[in-house]
file coords-v4.tsv (TSV, C-alpha atoms)
chain	number	residue	atom	x	y	z
A	1	MET	CA	-63.79	112.14	130.02
A	2	LYS	CA	-63.32	115.84	130.60
A	3	THR	CA	-59.97	115.70	128.80
A	4	PHE	CA	-61.57	113.93	125.84
A	5	GLY	CA	-64.31	116.55	125.81
A	6	LYS	CA	-61.74	119.31	125.55
A	7	LEU	CA	-60.03	117.51	122.68
A	8	THR	CA	-63.30	117.28	120.75
A	9	ASP	CA	-64.34	120.87	121.44
A	10	ARG	CA	-64.45	122.71	118.09
A	11	LYS	CA	-62.39	125.65	119.33
A	12	ASN	CA	-59.66	123.43	120.75
A	13	VAL	CA	-59.57	121.26	117.63
A	14	PHE	CA	-59.25	124.42	115.55
A	15	LEU	CA	-56.39	125.84	117.66
A	16	LEU	CA	-54.44	122.58	117.91
A	17	ALA	CA	-54.89	121.75	114.23
A	18	MET	CA	-53.82	125.29	113.32
A	19	LEU	CA	-50.71	124.86	115.48
A	20	SER	CA	-49.78	121.65	113.67
A	21	CYS	CA	-50.37	123.19	110.25
A	22	PHE	CA	-48.41	126.31	111.20
A	23	LEU	CA	-45.46	124.16	112.23
A	24	TRP	CA	-45.65	122.10	109.03
A	25	GLY	CA	-45.91	125.29	106.99
A	26	SER	CA	-42.81	126.71	108.68
A	27	ALA	CA	-40.88	123.63	107.54
A	28	THR	CA	-40.90	124.86	103.92
A	29	PRO	CA	-38.64	127.90	104.42
A	30	ALA	CA	-36.69	126.09	107.16
A	31	ILE	CA	-35.84	123.19	104.83
A	32	LYS	CA	-34.78	125.55	102.04
A	33	ILE	CA	-32.51	127.45	104.42
A	34	GLY	CA	-31.21	124.11	105.74
A	35	TYR	CA	-30.24	123.00	102.23
A	36	GLN	CA	-28.11	126.13	101.93
A	37	MET	CA	-26.53	125.75	105.36
A	38	PHE	CA	-25.63	122.08	104.79
A	39	SER	CA	-24.68	122.56	101.10
A	40	ILE	CA	-27.32	120.18	99.72
A	41	GLY	CA	-28.08	120.62	96.02
A	42	SER	CA	-31.69	120.60	94.84
A	43	ALA	CA	-30.99	117.67	92.49
A	44	ASP	CA	-29.11	115.59	95.10
A	45	THR	CA	-32.01	113.30	96.00
A	46	SER	CA	-29.99	110.90	98.16
A	47	SER	CA	-28.63	113.72	100.32
A	48	ILE	CA	-32.12	115.24	100.62
A	49	ILE	CA	-33.48	111.88	101.83
A	50	LEU	CA	-30.54	111.51	104.22
A	51	PHE	CA	-31.17	115.01	105.58
A	52	ALA	CA	-34.87	114.21	106.02
A	53	GLY	CA	-34.03	110.92	107.73
A	54	ILE	CA	-31.79	112.64	110.28
A	55	ARG	CA	-34.58	115.12	110.94
A	56	PHE	CA	-37.22	112.45	111.58
A	57	PHE	CA	-34.87	110.25	113.59
A	58	LEU	CA	-34.12	113.19	115.89
A	59	ALA	CA	-37.86	113.96	116.08
A	60	GLY	CA	-38.55	110.43	117.26
A	61	LEU	CA	-35.82	110.61	119.89
A	62	LEU	CA	-37.20	113.93	121.15
A	63	VAL	CA	-40.72	112.51	121.51
A	64	VAL	CA	-39.48	109.41	123.32
A	65	LEU	CA	-37.14	111.41	125.59
A	66	PHE	CA	-39.67	114.10	126.50
A	67	GLN	CA	-42.48	111.64	127.20
A	68	SER	CA	-40.17	109.38	129.21
A	69	LEU	CA	-39.20	112.31	131.43
A	70	LEU	CA	-42.82	113.45	131.69
A	71	ARG	CA	-44.10	110.02	132.67
A	72	ARG	CA	-41.03	109.13	134.73
A	73	ARG	CA	-40.61	105.86	132.88
A	74	PHE	CA	-39.09	104.86	129.57
A	75	LEU	CA	-41.58	105.19	126.72
A	76	ARG	CA	-41.13	101.88	124.98
A	77	PRO	CA	-43.53	100.10	122.65
A	78	GLN	CA	-45.17	96.93	123.85
A	79	LYS	CA	-44.31	93.79	121.92
A	80	GLU	CA	-47.79	93.69	120.40
A	81	ALA	CA	-47.40	97.32	119.25
A	82	LEU	CA	-44.29	96.68	117.12
A	83	PRO	CA	-46.24	95.81	113.94
A	84	ALA	CA	-48.22	99.05	114.33
A	85	VAL	CA	-45.02	101.06	114.82
A	86	PHE	CA	-43.45	99.53	111.73
A	87	ALA	CA	-46.56	100.05	109.60
A	88	LEU	CA	-46.75	103.71	110.63
A	89	SER	CA	-43.01	104.22	110.11
A	90	LEU	CA	-43.46	103.10	106.51
A	91	ALA	CA	-46.68	104.96	105.69
A	92	GLN	CA	-46.22	108.16	107.69
A	93	THR	CA	-42.48	108.70	107.36
A	94	ALA	CA	-40.37	106.47	105.10
A	95	VAL	CA	-42.65	105.78	102.13
A	96	GLN	CA	-44.40	109.15	102.16
A	97	TYR	CA	-41.21	111.19	102.16
A	98	LEU	CA	-39.27	108.88	99.85
A	99	PHE	CA	-41.99	109.34	97.23
A	100	PHE	CA	-42.33	113.05	98.02
A	101	TYR	CA	-38.66	113.97	97.76
A	102	ILE	CA	-37.99	111.80	94.70
A	103	GLY	CA	-41.10	113.24	93.06
A	104	LEU	CA	-39.99	116.81	93.72
A	105	ALA	CA	-36.67	116.03	92.05
A	106	HIS	CA	-38.56	115.22	88.82
A	107	THR	CA	-41.24	117.91	88.77
A	108	THR	CA	-41.70	121.61	89.43
A	109	GLY	CA	-42.48	123.12	92.81
A	110	VAL	CA	-45.88	124.30	91.49
A	111	HIS	CA	-46.89	120.78	90.47
A	112	GLY	CA	-45.61	119.31	93.74
A	113	THR	CA	-47.45	121.86	95.89
A	114	ILE	CA	-50.76	121.42	94.06
A	115	ILE	CA	-50.66	117.64	94.31
A	116	SER	CA	-49.52	117.64	97.96
A	117	GLY	CA	-52.59	119.74	98.79
A	118	MET	CA	-54.74	116.71	97.90
A	119	GLY	CA	-53.72	114.78	101.03
A	120	GLY	CA	-56.65	115.95	103.15
A	121	PHE	CA	-59.15	115.24	100.39
A	122	ILE	CA	-57.76	111.73	99.85
A	123	SER	CA	-57.96	111.12	103.62
A	124	ILE	CA	-61.64	111.97	103.71
A	125	LEU	CA	-62.38	109.80	100.66
A	126	MET	CA	-60.54	106.84	102.16
A	127	ALA	CA	-62.18	107.23	105.56
A	128	SER	CA	-65.62	107.43	103.96
A	129	LEU	CA	-65.53	105.11	100.94
A	130	LEU	CA	-62.93	102.45	101.77
A	131	PHE	CA	-62.92	102.11	105.56
A	132	HIS	CA	-66.44	103.42	106.34
A	133	TYR	CA	-65.31	105.30	109.45
A	134	GLU	CA	-67.71	108.10	108.53
A	135	SER	CA	-70.17	109.03	105.81
A	136	LEU	CA	-69.28	111.15	102.78
A	137	THR	CA	-71.81	113.95	103.06
A	138	PRO	CA	-72.46	116.76	100.58
A	139	ALA	CA	-70.95	119.17	103.12
A	140	LYS	CA	-67.69	117.21	103.18
A	141	ILE	CA	-67.56	117.06	99.40
A	142	LEU	CA	-68.23	120.80	99.15
A	143	GLY	CA	-65.69	121.64	101.85
A	144	CYS	CA	-62.97	119.50	100.27
A	145	ALA	CA	-63.72	120.93	96.83
A	146	ALA	CA	-63.44	124.48	98.18
A	147	GLY	CA	-60.15	123.74	99.91
A	148	PHE	CA	-58.71	122.03	96.84
A	149	ALA	CA	-59.85	124.93	94.66
A	150	GLY	CA	-58.01	127.27	97.02
A	151	ILE	CA	-54.80	125.28	96.60
A	152	LEU	CA	-55.21	125.39	92.82
A	153	ILE	CA	-55.82	129.14	92.77
A	154	MET	CA	-52.86	129.81	95.04
A	155	ASN	CA	-50.58	127.97	92.63
A	156	LEU	CA	-51.89	129.25	89.31
A	157	SER	CA	-49.10	130.54	87.13
A	158	GLY	CA	-49.33	133.93	85.49
A	159	GLN	CA	-47.04	132.72	82.73
A	160	ASP	CA	-47.44	130.16	79.97
A	161	THR	CA	-49.18	127.14	81.55
A	162	GLY	CA	-48.74	124.72	78.67
A	163	SER	CA	-46.29	122.68	80.73
A	164	LEU	CA	-48.90	121.98	83.42
A	165	PHE	CA	-49.99	118.90	81.51
A	166	ASP	CA	-46.46	117.61	81.00
A	167	VAL	CA	-46.60	114.97	83.74
A	168	SER	CA	-44.36	112.01	84.54
A	169	PHE	CA	-44.74	109.02	86.82
A	170	LEU	CA	-41.46	109.72	88.65
A	171	GLY	CA	-42.47	113.35	89.13
A	172	GLU	CA	-46.16	114.10	89.62
A	173	GLY	CA	-46.94	110.39	90.00
A	174	PHE	CA	-44.59	109.96	92.94
A	175	VAL	CA	-45.85	113.11	94.69
A	176	PHE	CA	-49.41	111.79	94.31
A	177	LEU	CA	-48.35	108.42	95.76
A	178	SER	CA	-46.84	110.26	98.73
A	179	GLN	CA	-50.25	111.79	99.44
A	180	ILE	CA	-51.90	108.38	99.30
A	181	SER	CA	-49.32	107.21	101.83
A	182	TYR	CA	-50.14	110.25	103.99
A	183	ALA	CA	-53.86	109.41	103.84
A	184	VAL	CA	-53.19	105.77	104.71
A	185	SER	CA	-51.15	106.88	107.73
A	186	GLY	CA	-54.14	108.86	109.03
A	187	ILE	CA	-56.33	105.76	108.76
A	188	LEU	CA	-53.70	103.66	110.53
A	189	ILE	CA	-53.38	106.19	113.37
A	190	LYS	CA	-57.14	106.14	113.81
A	191	ARG	CA	-57.12	102.33	113.96
A	192	PHE	CA	-54.01	101.79	116.11
A	193	SER	CA	-54.78	104.58	118.58
A	194	CYS	CA	-57.72	102.53	119.86
A	195	ARG	CA	-55.25	99.97	121.20
A	196	PHE	CA	-51.99	101.83	121.76
A	197	ASP	CA	-50.71	105.15	123.09
A	198	VAL	CA	-50.73	107.53	120.13
A	199	VAL	CA	-47.73	109.53	121.41
A	200	MET	CA	-45.70	106.33	121.79
A	201	LEU	CA	-46.65	105.36	118.24
A	202	SER	CA	-45.64	108.78	116.95
A	203	GLY	CA	-42.26	108.78	118.66
A	204	TRP	CA	-41.20	105.30	117.65
A	205	GLN	CA	-42.53	105.45	114.10
A	206	PHE	CA	-40.41	108.58	113.57
A	207	THR	CA	-37.37	106.82	114.99
A	208	VAL	CA	-37.78	103.72	112.83
A	209	GLY	CA	-38.87	105.66	109.73
A	210	GLY	CA	-35.96	108.06	110.13
A	211	LEU	CA	-33.49	105.17	110.36
A	212	LEU	CA	-34.95	103.66	107.18
A	213	MET	CA	-34.55	106.98	105.35
A	214	ILE	CA	-30.99	107.42	106.66
A	215	ALA	CA	-30.13	103.95	105.36
A	216	ALA	CA	-31.74	104.67	101.99
A	217	GLY	CA	-30.02	108.04	101.63
A	218	ALA	CA	-26.62	106.69	102.67
A	219	ALA	CA	-26.98	103.70	100.34
A	220	GLY	CA	-27.62	106.11	97.48
A	221	GLY	CA	-24.44	108.02	98.22
A	222	GLY	CA	-26.03	110.89	100.10
A	223	GLN	CA	-23.80	113.16	102.18
A	224	ILE	CA	-24.38	115.98	104.65
A	225	ALA	CA	-21.67	118.63	104.80
A	226	LEU	CA	-20.60	119.39	108.35
A	227	THR	CA	-20.66	123.04	109.27
A	228	GLY	CA	-19.21	124.97	112.17
A	229	HIS	CA	-22.13	127.40	112.24
A	230	PRO	CA	-24.33	126.75	115.33
A	231	ALA	CA	-27.38	128.12	113.50
A	232	ALA	CA	-27.32	125.14	111.12
A	233	TYR	CA	-27.68	122.64	113.96
A	234	LEU	CA	-30.28	124.78	115.70
A	235	LEU	CA	-32.26	124.78	112.46
A	236	LEU	CA	-32.01	120.99	112.23
A	237	LEU	CA	-33.22	120.76	115.84
A	238	TYR	CA	-36.15	123.04	115.01
A	239	LEU	CA	-37.10	120.83	112.06
A	240	ALA	CA	-37.05	117.83	114.38
A	241	LEU	CA	-39.25	119.68	116.87
A	242	ILE	CA	-41.71	120.53	114.09
A	243	SER	CA	-42.25	116.85	113.39
A	244	ALA	CA	-42.24	115.81	117.05
A	245	VAL	CA	-44.81	118.38	118.17
A	246	ALA	CA	-47.02	118.60	115.07
A	247	TYR	CA	-47.47	114.86	114.50
A	248	SER	CA	-48.00	114.13	118.20
A	249	VAL	CA	-50.74	116.77	118.42
A	250	TRP	CA	-52.22	115.59	115.10
A	251	GLY	CA	-52.31	111.98	116.25
A	252	ILE	CA	-54.10	112.92	119.47
A	253	LEU	CA	-56.68	114.90	117.50
A	254	LEU	CA	-57.26	111.98	115.11
A	255	LYS	CA	-57.81	109.65	118.05
A	256	HIS	CA	-60.63	111.73	119.54
A	257	ASN	CA	-62.24	113.26	116.43
A	258	PRO	CA	-63.64	112.21	113.05
A	259	ILE	CA	-60.89	112.05	110.43
A	260	SER	CA	-62.63	114.61	108.21
A	261	ARG	CA	-62.81	117.23	110.96
A	262	VAL	CA	-59.04	117.06	111.44
A	263	SER	CA	-57.82	116.27	107.91
A	264	ILE	CA	-59.58	119.22	106.32
A	265	PHE	CA	-57.10	121.53	108.08
A	266	THR	CA	-54.23	120.14	105.99
A	267	PHE	CA	-55.29	122.60	103.30
A	268	LEU	CA	-53.91	125.37	105.53
A	269	THR	CA	-50.36	124.06	105.54
A	270	PRO	CA	-49.45	125.39	102.07
A	271	LEU	CA	-50.96	128.76	102.98
A	272	PHE	CA	-48.80	129.01	106.08
A	273	GLY	CA	-45.84	127.88	104.00
A	274	VAL	CA	-46.37	130.74	101.54
A	275	LEU	CA	-46.82	133.38	104.25
A	276	LEU	CA	-43.78	132.24	106.22
A	277	SER	CA	-41.74	132.04	103.02
A	278	ALA	CA	-42.57	135.72	102.50
A	279	VAL	CA	-41.14	136.53	105.92
A	280	PHE	CA	-38.01	134.37	105.82
A	281	LEU	CA	-37.34	134.09	102.08
A	282	GLY	CA	-38.51	137.55	101.01
A	283	GLU	CA	-41.37	136.32	98.78
A	284	TRP	CA	-43.74	139.15	99.79
A	285	GLU	CA	-45.24	139.86	96.37
A	286	GLN	CA	-46.41	136.28	95.89
A	287	ALA	CA	-47.67	135.87	99.45
A	288	PHE	CA	-49.97	138.89	99.36
A	289	SER	CA	-51.26	138.52	95.83
A	290	VAL	CA	-54.95	138.40	94.96
A	291	LYS	CA	-54.60	134.65	94.32
A	292	THR	CA	-53.38	133.98	97.84
A	293	LEU	CA	-56.17	136.00	99.45
A	294	ALA	CA	-58.77	134.23	97.29
A	295	ALA	CA	-57.28	130.88	98.28
A	296	LEU	CA	-57.48	131.80	101.96
A	297	LEU	CA	-61.20	132.59	101.65
A	298	LEU	CA	-61.89	129.28	99.91
A	299	VAL	CA	-59.90	127.22	102.41
A	300	CYS	CA	-61.54	128.87	105.42
A	301	GLY	CA	-64.94	128.34	103.79
A	302	GLY	CA	-64.16	124.66	103.32
A	303	ILE	CA	-63.10	124.28	106.95
A	304	TYR	CA	-66.27	125.98	108.17
A	305	THR	CA	-68.49	123.82	105.94
A	306	VAL	CA	-66.99	120.50	107.06
A	307	ASN	CA	-66.81	121.38	110.75
A	308	ARG	CA	-70.34	122.79	110.89
A	309	LYS	CA	-71.72	119.50	109.59
A	310	ALA	CA	-69.48	117.42	111.85
A	311	GLU	CA	-70.56	119.30	114.94
A	312	SER	CA	-74.21	119.00	113.94
A	313	SER	CA	-73.89	115.23	113.63
A	314	ILE	CA	-72.21	114.88	117.04
A	315	ALA	CA	-74.90	117.02	118.66
A	316	LYS	CA	-77.54	114.65	117.25
A	317	GLY	CA	-75.64	111.63	118.58
A	318	LYS	CA	-74.71	110.26	115.18
call {"tool": "encode", "arguments": {"input": "coords-v4.tsv", "output": "structure tokens"}}
result
Amino acid sequence: MKTFGKLTDRKNVFLLAMLSCFLWGSATPAIKIGYQMFSIGSADTSSIILFAGIRFFLAGLLVVLFQSLLRRRFLRPQKEALPAVFALSLAQTAVQYLFFYIGLAHTTGVHGTIISGMGGFISILMASLLFHYESLTPAKILGCAAGFAGILIMNLSGQDTGSLFDVSFLGEGFVFLSQISYAVSGILIKRFSCRFDVVMLSGWQFTVGGLLMIAAGAAGGGQIALTGHPAAYLLLLYLALISAVAYSVWGILLKHNPISRVSIFTFLTPLFGVLLSAVFLGEWEQAFSVKTLAALLLVCGGIYTVNRKAESSIAKGK
């Protein structure tokens, strides 16, 4: 019970959620550098999916290996957990990233980033309106609106914005579907974690989902250029560690906290992505613009609003 109490403590939730979002944010520049190192073209969707599949397959192996060593027994899913593993591998890995990467191939980065910032908001709406895990309070609505507004402001273009309304189903539509898949995965984790070990679920869903993406990418003719540079493989290992650590921590937080308290932090991932892109990709001017600072204030305000209400409800025993 003491461990659970620590995992529901607001400060610990904040720090662990920030860690996950920081890791996810660092994936943006890491993936771009990886494309260069492995000679993957931005329009080569099959190779991008294959690259992503290798990453998630390695992430799953790392989770299973580390936890097996830690527990001194092989971390294998029980027979009754296999349907849960497969469902998560589809929603959280295969379907989400298939839609996401195909969508990005048919839309701009600005459109993709704005739509991908809706994942946390969709999660809260699903948890409240469809599955009734928690109530949709004015504070949650206000917090989500503030966070979403921050994402919009961060991605506003200073140039002609007439093309913002030029949408396509394969582009913006697929990115939006990826965020629905992300939200569904959060609901599934919340449901399955009541019966099964959330770390086991995370490790094996990555392994299965990664294999599905590898198969899809290879079937589409995707190829990964081998390189003799050790940094390329170290980068791929880091990308695998991002998924292994971030999703494991995220799943544990979802198990012991209301979905809204955890999901609201997903708005921070694009902010970390922009800041880390400034460091590793040299995009300093964009990262420290007035728009980015305004977005940071709105996102932090949204997090404070949602968490203040959540903590108040727990204190009252609701």
call {"tool": "closest_residue", "arguments": {"input": "coords-v4.tsv", "among": "A:Val63, A:Ala240, A:Ile124, A:Leu188", "to": "Ala139 in chain A", "atoms": "all atoms listed in the file"}}
result
A:Ile124
call {"tool": "residues_around", "arguments": {"input": "coords-v4.tsv", "residues": "range 243-245 of chain A", "least_positions_apart": "4", "cutoff": "9 Å", "atoms": "only C-alpha atoms", "output": "list in words"}}
result
Ser20, Leu23, Trp24, Arg55, Phe56, Leu58, Ala59, Gly60, Leu61, Leu62, Val63, Ser202, Gly203, Phe206, Tyr238, Leu239, Val249 and Trp250 of chain A
call {"tool": "residues_around", "arguments": {"input": "coords-v4.tsv", "residues": "range 246-248 of chain A", "least_positions_apart": "4", "cutoff": "12 Å", "atoms": "only C-alpha atoms", "output": "PDB file with C-alpha atoms, keeping the file's coordinate frame"}}
result
ATOM      1  CA  LEU A  16     -54.440 122.580 117.910  1.00  0.00           C
ATOM      2  CA  ALA A  17     -54.890 121.750 114.230  1.00  0.00           C
ATOM      3  CA  MET A  18     -53.820 125.290 113.320  1.00  0.00           C
ATOM      4  CA  LEU A  19     -50.710 124.860 115.480  1.00  0.00           C
ATOM      5  CA  SER A  20     -49.780 121.650 113.670  1.00  0.00           C
ATOM      6  CA  CYS A  21     -50.370 123.190 110.250  1.00  0.00           C
ATOM      7  CA  PHE A  22     -48.410 126.310 111.200  1.00  0.00           C
ATOM      8  CA  LEU A  23     -45.460 124.160 112.230  1.00  0.00           C
ATOM      9  CA  TRP A  24     -45.650 122.100 109.030  1.00  0.00           C
ATOM     10  CA  GLY A  25     -45.910 125.290 106.990  1.00  0.00           C
ATOM     11  CA  SER A  26     -42.810 126.710 108.680  1.00  0.00           C
ATOM     12  CA  ALA A  27     -40.880 123.630 107.540  1.00  0.00           C
ATOM     13  CA  PHE A  56     -37.220 112.450 111.580  1.00  0.00           C
ATOM     14  CA  ALA A  59     -37.860 113.960 116.080  1.00  0.00           C
ATOM     15  CA  GLY A  60     -38.550 110.430 117.260  1.00  0.00           C
ATOM     16  CA  LEU A  62     -37.200 113.930 121.150  1.00  0.00           C
ATOM     17  CA  VAL A  63     -40.720 112.510 121.510  1.00  0.00           C
ATOM     18  CA  VAL A  64     -39.480 109.410 123.320  1.00  0.00           C
ATOM     19  CA  PHE A  66     -39.670 114.100 126.500  1.00  0.00           C
ATOM     20  CA  GLN A  67     -42.480 111.640 127.200  1.00  0.00           C
ATOM     21  CA  LEU A  88     -46.750 103.710 110.630  1.00  0.00           C
ATOM     22  CA  GLN A  92     -46.220 108.160 107.690  1.00  0.00           C
ATOM     23  CA  THR A  93     -42.480 108.700 107.360  1.00  0.00           C
ATOM     24  CA  TYR A 182     -50.140 110.250 103.990  1.00  0.00           C
ATOM     25  CA  SER A 185     -51.150 106.880 107.730  1.00  0.00           C
ATOM     26  CA  GLY A 186     -54.140 108.860 109.030  1.00  0.00           C
ATOM     27  CA  ILE A 189     -53.380 106.190 113.370  1.00  0.00           C
ATOM     28  CA  SER A 193     -54.780 104.580 118.580  1.00  0.00           C
ATOM     29  CA  ASP A 197     -50.710 105.150 123.090  1.00  0.00           C
ATOM     30  CA  VAL A 198     -50.730 107.530 120.130  1.00  0.00           C
ATOM     31  CA  VAL A 199     -47.730 109.530 121.410  1.00  0.00           C
ATOM     32  CA  MET A 200     -45.700 106.330 121.790  1.00  0.00           C
ATOM     33  CA  LEU A 201     -46.650 105.360 118.240  1.00  0.00           C
ATOM     34  CA  SER A 202     -45.640 108.780 116.950  1.00  0.00           C
ATOM     35  CA  GLY A 203     -42.260 108.780 118.660  1.00  0.00           C
ATOM     36  CA  TRP A 204     -41.200 105.300 117.650  1.00  0.00           C
ATOM     37  CA  GLN A 205     -42.530 105.450 114.100  1.00  0.00           C
ATOM     38  CA  PHE A 206     -40.410 108.580 113.570  1.00  0.00           C
ATOM     39  CA  TYR A 238     -36.150 123.040 115.010  1.00  0.00           C
ATOM     40  CA  LEU A 239     -37.100 120.830 112.060  1.00  0.00           C
ATOM     41  CA  ALA A 240     -37.050 117.830 114.380  1.00  0.00           C
ATOM     42  CA  LEU A 241     -39.250 119.680 116.870  1.00  0.00           C
ATOM     43  CA  ILE A 242     -41.710 120.530 114.090  1.00  0.00           C
ATOM     44  CA  ILE A 252     -54.100 112.920 119.470  1.00  0.00           C
ATOM     45  CA  LEU A 253     -56.680 114.900 117.500  1.00  0.00           C
ATOM     46  CA  LEU A 254     -57.260 111.980 115.110  1.00  0.00           C
ATOM     47  CA  LYS A 255     -57.810 109.650 118.050  1.00  0.00           C
ATOM     48  CA  THR A 266     -54.230 120.140 105.990  1.00  0.00           C
ATOM     49  CA  THR A 269     -50.360 124.060 105.540  1.00  0.00           C
TER      50      THR A 269
END
call {"tool": "atom_distance", "arguments": {"input": "coords-v4.tsv", "atom1": "CA of Ser42 in chain A", "atom2": "CA of Pro29 in chain A"}}
result
13.9 Å
call {"tool": "residues_near_point", "arguments": {"input": "coords-v4.tsv", "point": "(-34.1, 118.5, 96.8)", "cutoff": "12 Å", "atoms": "all atoms listed in the file", "output": "PyMOL selection string"}}
result
chain A and resi 28+31-36+39-52+97-98+100-109+112+222
call {"tool": "atom_distance", "arguments": {"input": "coords-v4.tsv", "atom1": "CA of Phe288 in chain A", "atom2": "CA of Phe272 in chain A"}}
result
12.0 Å
call {"tool": "residues_around", "arguments": {"input": "coords-v4.tsv", "residues": "Val184 in chain A", "least_positions_apart": "3", "cutoff": "10 Å", "atoms": "all atoms listed in the file", "output": "list in words"}}
result
Leu88, Ala91, Gln92, Gln96, Gly119, Ile122, Ser123, Met126, Ala127, Ser178, Gln179, Ile180, Ser181, Ile187, Leu188, Ile189 and Lys190 of chain A
call {"tool": "atom_distance", "arguments": {"input": "coords-v4.tsv", "atom1": "CA of Ala225 in chain A", "atom2": "CA of Phe38 in chain A"}}
result
5.3 Å
call {"tool": "closest_residue", "arguments": {"input": "coords-v4.tsv", "among": "A:Val208, A:Ile141, A:Ile224, A:Ile115", "to": "Leu177 in chain A", "atoms": "only C-alpha atoms"}}
result
A:Ile115
